[in-house]
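S.K.: Would you mind keeping the following structure in view while I ask a few things?
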Amino acid sequence: MIKFILTACLTLLGSLALSGCIAVFSVRRRLAKAMVKFLNSKKWYENLNLAKKIGWPDFFEALLRAENGEPISRPFGSPVHRFDLHQIHFVTGYYSRKPLDDHIPVDTSVVLGPRAKRPLTLEIPILLGAMSYGNSFSIPTKFALARAVNLAGTGFNSGNGPFLQEIKDRVDRYILQLPRGFWSRHESILKQAQLIEIGLGHAAWASAPIRIKGYKLTPDFAQRIGTIPGLDLLIDTHLPKAEHDDLAGFVRYLKSVTGGVPVAFKFGATHYLEKELEIMAEAGADMIAFDGSEGGTHGSPPIFQDHTGLPFFPALCRAARFFEKNGLKGRVSLVVGGGLVNPGDFLKCLALGADAVFIGTAATLLITHTQVTKSIPWEPPTELLFFGGKDVQKFDPNLGGDHLYHYLQSCVREMVELTRLLGKDSLRKVDREDLVALDSLYAEMAGINCHMENETERTGIF
Amino acid sequence: MSLIWQLTVAFGIALVFSGLLMVLLWRPLANIFVDSIVKRLLKDPYPENIAEMLNVFKKVGVQNVLEADLRGNGGKLNRPFGSPLHMSPWDKLMLNPVYLSRTPLLESAKITTETVIGPKANRPLVIDMPIMIGGMSYGFGPSLQAKLALAKGADRVGTATNTGVGPFLPEERKATKRLIIQYHRGSWGKEETVLRQANAIEIQLGYGALASAPVTISAEYISDELRDYMKLPPGTDVKMGTQLEEAHDRKGLKRLVEYLKDVTDGVPIGVKIGATHLLEKELEIITGTDIDFITIDGAEAGINYGPAILADDTGLPTLPALCRAAAYLRRHGLNKRISLIISGGLYTPGQFLKALALGADAVYIGTIAMIVIAHLQLTKVVPWEPPTELVYERGRFKDCLDPDKGAESIARFLTSCHQEMILGMRSMGRSSYAELSVKDLSALSTEVARMTGADLALFPLGSREVSHD
């Protein structure tokens with residue numbers, strides 16, 4: 001029987017191949033003619049014009065809207081690239097500025113919240129962004145992230161989901177994010193944090209309200225967050241009223257409860273950046289974190305991703321300028337993110353004035369790495385990671401954690417190598433003088449030199 | 001064994017053998033095949049090389065090559081859907097969310113979404129959301145089923161639909177509570193009995209994608225059904241001139257507006273033009289009359305079909321046209337009396353909200369609405385036919401379109417867009433569309449900052465003086 005099937009299959013294959021060859025070689029002229037005719041016909045042209053006019057993403061998303069009648073939820077964030085950090089280069093030298101000797105180590109550590117009683121020291125200046133259990137990730141995924149941050153010696157961000165004791169027990173540097181919702185406020189939770197981040201929002205959602213439908217909550221999730229399954233979960237547009245009205249008091253309270261860990265604010269960049277920063281600094285923030293409009297998300301309406309906020313590059317330049325002008329540099333830590341993937345980007349951010357960067361989408365891609373084969377081609381790799389994903393059981397957290405750790409290591413090594421060429425012995429010492437812009441607008445925004453200006457005519461640069 | 005059997009077996013064996021050969025030899029065979037192609041590409045002299053097509057496509061552009069070929073077929077090139085060029089830099093504008101600097105609106109806070117077209121008219125047109133279905137005419141573009149789908153869908157979400165220049169359809173009137181009837185350059189559908197049924201009347205002088213060009217549909221393309229609706233004698237062409245005879249000058253327009261107000265007992269009367277660089281001059285004449293709204297159709301607007309030159313190379317893009325029209329109305333203190341409706345290449349709620357912030361009172365959608373009504377029914381035509389076959393009067397599959405399903409799709413689309421706009425408003429801390437202003441926007445290029453009057457977002461607040469008009 002098997003032989004028969006095999007023979008039949010081979011026969012089929014052979015005849016297909018034969019007929020294919022015959023078709024191609026004998027009627028190729030006719031084929032070409034038919035193709036030209038098809039191209040010349042109006043139908044093809046109509047489709048082409050339509051696709052070009054509306055654009056595939058808008059076309060596709062319009063149809064999704066027609067299907068659901070609700071704001072659509074686009075994963076990962078905006079595909080629009082507004083500014084290109086490749087327009088900025090590092091300035092290396094040969095005689096005029098000497099690289100650092102090979103045997104001198106380069107310091108990669110960074111202190112978050114230097115003014116706080118219990119500042120948080122990271123071994124590398126790359127943090128993981130807020131990615132929460134339930135809203136986005138499953139518990140095994142959080143385990144993978146925890147393993148990676150512990151190996152790399154950086155901070156783990158809880159995200160705006162519930163507090164997970166089993167994760168906290170595995171990491172040394174736990175950054176607790178206080179969401180705009182009501183949970184994670186108990187003192188027993190607050191006391192376990194090494195840094196508390198008040199999450200006012202992120203770029204891909206701005207400050208818009210997020211309502212998680214009750215039927216989507218699993219009993220486990222509902223219990224952890226302190227609610228009843230079936231009840232809608234609301235993350236409103238700002239913090240609960242008492243906290244929102246007296247921010248400074250809230251920050252003082254958090255510091256006193258925890259014995260003085262740094263308190264941070266996190267928001268999405270906006271054109272009102274300076275005003276927001278001023279209020280946060282006055283409220284007593286030890287660290288301010290924001291992401292630019294390129295920032296990722298588990299899923300959010302495209303109006304926030306493509307149309308709202310401030311892109312990463314101008315946001316960083318403006319914030320750095322504000323920090324310097326108001327004497328906040330060195331007292332309040334500035335942490336930025338939003339579409340960052342490469343070590344070159346990270347180091348440029350540090351040079352432009354950030355104390356550390358955070359990654360989200362890149363980390364998500366990295367913990368799947370070789371494990372994507374477990375879900376593709378029929379499901380996207382996110383099915384391995386996301387809460388309620390179909391392939392969550394197949395995901396190996398240890399392997400995922402190792403991959404992310406390797407990536408972080410690789411990035412830091414590249415940053416160290418470049419810092420050595422700049423003749424500096426610490427990543428913290430890389431600054432704007434080490435940069436040159438290939439475009440005059442970028443130069444003006446960042447306050448750095450433009451490559452068109454002749455160095456020798458300027459004084460006091462190096 | 002008969003000969004046929006022997007032949008069959010022989011053929012079978014041959015097939016099996018060739019199959020085996022293919023299994024064993026597909027790599028070397030593929031190698032030979034690819035090698036021959038590569039050799040030919042690398043060795044043929046350039047003028048004889050097929051690779052020259054790459055250069056031609058890159059130099060001329062794929063679409064231009066195709067259009068030139070189509071022109072080679074003879075006759076006027078009638079391109080469907082209007083210009084594929086993206087002329088308005090919407091993506092260089094950003095909405096400004098707030099966190100602490102102002103308080104965002106809580107989820108429970110009420111947001112007023114009601115929009116009034118022609119607030120000073122006797123019987124203003126009130127819509128529940130500022131997104132309306134633009135003028136697409138039965139017979140010229142959409143089929144009867146498609147028109148019904150649009151009207152029903154719009155009615156479900158409480159917004160208005162526009163008849164376009166096609167004939168008045170009693171079915172459409174019945175399907176919706178808010179119907180804008182176009183008073184156009186043709187001869188049909190201008191009876192007082194028809195005009196009286198309007199909730200608003202739009203005097204149509206031209207399109208963004210067609211300017212004021214004349215429109216002719218030759219008799220052969222006019223179905224009996226359409227002819228009945230238009231009340232035209234058999235065998236005649238349908239024609240629209242470049243001008244509206246009744247209103248070819250200032251006085252005529254004034255008289256026409258007064259007449260229409262009189263006949264309809266004061267529904268909002270508006271004028272629709274395609275955007276042009278002479279916008280202010282046009283507006284000066286148009287706003288000199290007692291109109292209640294004005295519709296500006298930007299150059300990216302769609303059209304059932306029209307010459308490429310009028311779509312790509314004529315008129316003014318939507319974004320600058322909107323900025324200039326809004327500035328004109330503000331400068332002359334007309335923005336409280338005359339509603340501004342903008343259309344042309346608007347597809348996403350982000351664009352709608354930006355248009356409202358720049359001074360529009362409502363937007364029209366066209367092309368995207370046509371796509372959306374086909375939605376799931378698209379599978380009936382793709383990939384061998386374009387979606388137009390499903391929704392256009394001349395389409396071969398127009399009878400396959402289910403108007404109720406189409407209405408459901410368009411209603412869902414509008415609801416989704418509007419919900420998203422409301423979320424955006426909450427994060428911007430605004431409780432009604434009227435509160436939106438250019439202060440809720442920031443520009444990512446100097447050019448756009450100048451065009452719109454929005455702050456330049458690249459530099460710190462207050463470091464650059466931008467004059468708000």
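Following the order of the structure tokens, first chain is A, next is B, and so on, with residues numbered from 1 inside each chain and ligands from 1 in the order they appear.
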Which residues of chain B are close to chain A, meaning at most 7 Å apart when you count only C-alpha atoms, and how do they look as an MDAnalysis selection string?
M.R.: chainID B and resid 15:16 18:20 22 66 69:70 80:81 83:85 91 94:101 104:107 347 349:350 372 375 385:386 409:410 412:413 415:417 419:420 423:424 426:427 442 457:461
S.K.: List every residue of range 332-419 of chain B that DSSP, applied to the backbone of this structure, assigns to strand (DSSP E), and report them as a ChimeraX atom specification.
M.R.: /B:339-343,362-365
S.K.: Leaving out Asp265 in chain B and any residue of its chain fewer than 2 positions from it, which residues lie within 12 Å of it when counting only C-alpha atoms, given as a ChimeraX atom specification?
M.R.: /B:121-124,192,195-201,257-263,267-269
S.K.: Return as an MDAnalysis selection string the full set of residues in range 12-219 of chain A whose backbone-based DSSP assignment is helix (DSSP H, G or I).
M.R.: chainID A and resid 12:26 28:40 42:54 56:68 85:87 139:152 165:168 187:190 214:216 219
S.K.: Any idea what's packed within 12 Å of Ile309 in chain B, counting only C-alpha atoms, ignoring anything in its chain fewer than 3 positions away? Could you give it as a count of residues only?
M.R.: 19
S.K.: Can you measure CA of Gly423 in chain A to CA of Val106 in chain A for me? One decimal in Å is fine.
M.R.: 9.9 Å
S.K.: Need the shell around Gln204 in chain B: protein/DNA/RNA residues with any atom at most 7 Å away, counting only C-alpha atoms. Skip same-chain ones fewer than 2 positions apart. Format as a list in words?
M.R.: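 Listed by chain and then number, they are Gln182, Tyr183, His184, Glu202, Gly206, Val271, Lys272 and Ile273 of chain B.
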S.K.: Can you write just those residues out, N, CA and C atoms, as a PDB file, in the first residue's frame?
M.R.:
ATOM      1  N   GLN B 182     -27.127  67.033  -3.199  1.00  0.00           N
ATOM      2  CA  GLN B 182     -26.285  67.940  -3.983  1.00  0.00           C
ATOM      3  C   GLN B 182     -27.103  68.629  -5.065  1.00  0.00           C
ATOM      4  N   TYR B 183     -26.897  69.959  -5.145  1.00  0.00           N
ATOM      5  CA  TYR B 183     -27.469  70.749  -6.239  1.00  0.00           C
ATOM      6  C   TYR B 183     -26.330  70.943  -7.213  1.00  0.00           C
ATOM      7  N   HIS B 184     -26.392  70.267  -8.347  1.00  0.00           N
ATOM      8  CA  HIS B 184     -25.186  70.117  -9.160  1.00  0.00           C
ATOM      9  C   HIS B 184     -25.305  70.802 -10.510  1.00  0.00           C
ATOM     10  N   GLU B 202     -26.108  70.882  -0.784  1.00  0.00           N
ATOM     11  CA  GLU B 202     -24.733  71.258  -1.105  1.00  0.00           C
ATOM     12  C   GLU B 202     -24.680  71.638  -2.580  1.00  0.00           C
ATOM     13  N   GLY B 206     -17.525  71.569  -8.044  1.00  0.00           N
ATOM     14  CA  GLY B 206     -16.395  70.803  -8.558  1.00  0.00           C
ATOM     15  C   GLY B 206     -15.871  69.818  -7.534  1.00  0.00           C
ATOM     16  N   VAL B 271     -21.721  75.194  -0.130  1.00  0.00           N
ATOM     17  CA  VAL B 271     -21.105  75.151  -1.448  1.00  0.00           C
ATOM     18  C   VAL B 271     -19.907  74.234  -1.374  1.00  0.00           C
ATOM     19  N   LYS B 272     -19.764  73.360  -2.368  1.00  0.00           N
ATOM     20  CA  LYS B 272     -18.598  72.471  -2.400  1.00  0.00           C
ATOM     21  C   LYS B 272     -17.707  72.839  -3.570  1.00  0.00           C
ATOM     22  N   ILE B 273     -16.421  73.061  -3.283  1.00  0.00           N
ATOM     23  CA  ILE B 273     -15.460  73.282  -4.363  1.00  0.00           C
ATOM     24  C   ILE B 273     -14.257  72.367  -4.166  1.00  0.00           C
TER      25      ILE B 273
END
S.K.: With a distance cut-off of 12 Å and only C-alpha atoms, select the neighbouring residues of Gly344 in chain A, excluding the residue or stretch itself and same-chain residues fewer than 2 positions from it, and output the selection as a CSV table (one decimal) with N, CA and C atoms, in the first residue's frame.
M.R.:
chain,number,residue,atom,x,y,z
A,84,ASP,N,16.0,59.4,12.5
A,84,ASP,CA,17.0,58.3,12.3
A,84,ASP,C,18.2,58.6,13.0
A,85,LEU,N,18.5,57.8,14.1
A,85,LEU,CA,19.7,58.1,14.9
A,85,LEU,C,21.0,57.9,14.1
A,86,HIS,N,20.9,57.3,12.9
A,86,HIS,CA,22.1,57.1,12.1
A,86,HIS,C,22.6,58.4,11.5
A,87,GLN,N,21.8,59.5,11.7
A,87,GLN,CA,22.2,60.8,11.3
A,87,GLN,C,23.3,61.4,12.3
A,88,ILE,N,23.5,60.6,13.3
A,88,ILE,CA,24.5,61.1,14.3
A,88,ILE,C,25.6,60.0,14.4
A,89,HIS,N,26.9,60.5,14.4
A,89,HIS,CA,28.0,59.6,14.5
A,89,HIS,C,28.9,59.9,15.7
A,90,PHE,N,29.6,58.9,16.1
A,90,PHE,CA,30.6,59.2,17.2
A,90,PHE,C,31.9,59.7,16.6
A,340,LEU,N,14.2,51.6,20.5
A,340,LEU,CA,15.7,51.4,20.6
A,340,LEU,C,16.0,49.9,20.4
A,341,VAL,N,17.0,49.5,19.6
A,341,VAL,CA,17.3,48.1,19.4
A,341,VAL,C,18.9,47.9,19.4
A,342,ASN,N,19.6,48.9,18.9
A,342,ASN,CA,21.1,48.6,18.7
A,342,ASN,C,21.9,49.3,19.8
A,346,PHE,N,21.8,53.0,21.9
A,346,PHE,CA,21.9,53.1,23.4
A,346,PHE,C,22.9,54.1,23.8
A,347,LEU,N,24.1,54.0,23.2
A,347,LEU,CA,25.2,54.9,23.6
A,347,LEU,C,25.0,56.3,23.2
A,348,LYS,N,24.3,56.5,22.0
A,348,LYS,CA,24.0,57.8,21.6
A,348,LYS,C,23.0,58.5,22.6
A,349,CYS,N,22.1,57.7,23.1
A,349,CYS,CA,21.2,58.2,24.1
A,349,CYS,C,21.9,58.7,25.3
A,350,LEU,N,22.9,57.8,25.8
A,350,LEU,CA,23.7,58.2,27.0
A,350,LEU,C,24.4,59.5,26.7
A,351,ALA,N,25.0,59.5,25.5
A,351,ALA,CA,25.8,60.7,25.1
A,351,ALA,C,24.9,62.0,25.1
A,357,VAL,N,18.8,53.6,29.4
A,357,VAL,CA,17.8,53.4,28.4
A,357,VAL,C,17.0,52.2,28.7
A,410,SER,N,26.2,41.3,24.7
A,410,SER,CA,26.7,41.7,23.4
A,410,SER,C,26.6,43.2,23.2
A,411,CYS,N,25.5,43.8,23.5
A,411,CYS,CA,25.3,45.2,23.3
A,411,CYS,C,26.3,46.0,24.2
A,412,VAL,N,26.4,45.6,25.5
A,412,VAL,CA,27.2,46.3,26.4
A,412,VAL,C,28.7,46.3,25.9
A,413,ARG,N,29.1,45.1,25.4
A,413,ARG,CA,30.5,45.0,25.0
A,413,ARG,C,30.8,45.9,23.8
A,414,GLU,N,29.8,46.0,22.9
A,414,GLU,CA,30.0,46.9,21.8
A,414,GLU,C,30.1,48.4,22.3
A,415,MET,N,29.2,48.7,23.3
A,415,MET,CA,29.3,50.1,23.8
A,415,MET,C,30.6,50.3,24.5
A,416,VAL,N,31.1,49.3,25.2
A,416,VAL,CA,32.4,49.4,25.9
A,416,VAL,C,33.5,49.7,24.9
A,417,GLU,N,33.5,48.9,23.8
A,417,GLU,CA,34.5,49.0,22.8
A,417,GLU,C,34.6,50.4,22.2
A,418,LEU,N,33.4,50.9,21.9
A,418,LEU,CA,33.4,52.3,21.3
A,418,LEU,C,33.8,53.3,22.4
A,419,THR,N,33.4,53.1,23.6
A,419,THR,CA,33.8,54.1,24.6
A,419,THR,C,35.3,54.1,24.8
A,435,LEU,N,29.9,63.4,19.8
A,435,LEU,CA,28.9,63.2,18.7
A,435,LEU,C,29.1,64.3,17.6
S.K.: Nearest to Phe386 in chain A among A:Thr227, A:Tyr133, A:Ser73, A:Leu195, with distances taken over only C-alpha atoms: which residue is it?
M.R.: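 Among the listed residues, the smallest separation from Phe386 in chain A belongs to A:Tyr133.
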S.K.: Pro105 in chain A: which residues within 9 Å, counting only C-alpha atoms, same-chain residues fewer than 3 positions away excluded, as a list in words?
M.R.: Asp101, Asp102, Val416, Arg420, Asp425 and Ser426 of chain A
S.K.: Go ahead and save the picked residues with N, CA and C atoms, as an mmCIF file, in the first residue's frame.
M.R.:
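The resulting out.cif:
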data_model
loop_
_atom_site.group_PDB
_atom_site.id
_atom_site.type_symbol
_atom_site.label_atom_id
_atom_site.label_comp_id
_atom_site.auth_asym_id
_atom_site.auth_seq_id
_atom_site.Cartn_x
_atom_site.Cartn_y
_atom_site.Cartn_z
ATOM 1 N N ASP A 101 43.735 52.724 26.878
ATOM 2 C CA ASP A 101 44.562 51.515 26.836
ATOM 3 C C ASP A 101 43.718 50.274 27.089
ATOM 4 N N ASP A 102 44.141 49.170 26.457
ATOM 5 C CA ASP A 102 43.381 47.923 26.546
ATOM 6 C C ASP A 102 43.170 47.425 27.960
ATOM 7 N N VAL A 416 31.127 49.305 25.194
ATOM 8 C CA VAL A 416 32.413 49.446 25.890
ATOM 9 C C VAL A 416 33.533 49.659 24.880
ATOM 10 N N ARG A 420 35.919 52.945 24.628
ATOM 11 C CA ARG A 420 37.379 52.852 24.691
ATOM 12 C C ARG A 420 38.004 53.699 23.582
ATOM 13 N N ASP A 425 36.823 56.065 30.278
ATOM 14 C CA ASP A 425 36.839 54.826 31.050
ATOM 15 C C ASP A 425 35.500 54.524 31.714
ATOM 16 N N SER A 426 34.451 55.230 31.288
ATOM 17 C CA SER A 426 33.135 54.935 31.832
ATOM 18 C C SER A 426 32.082 55.320 30.809
#
S.K.: What gap, in Å, lies between CA of Leu401 in chain B and CA of Pro170 in chain B?
M.R.: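 Separation of CA of Leu401 in chain B and CA of Pro170 in chain B: 19.4 Å.
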S.K.: Between CA of Met287 in chain A and CA of Val110 in chain A, what is the distance, to one decimal in Å?
M.R.: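 Spanning CA of Met287 in chain A to CA of Val110 in chain A is a straight-line distance of 12.5 Å.
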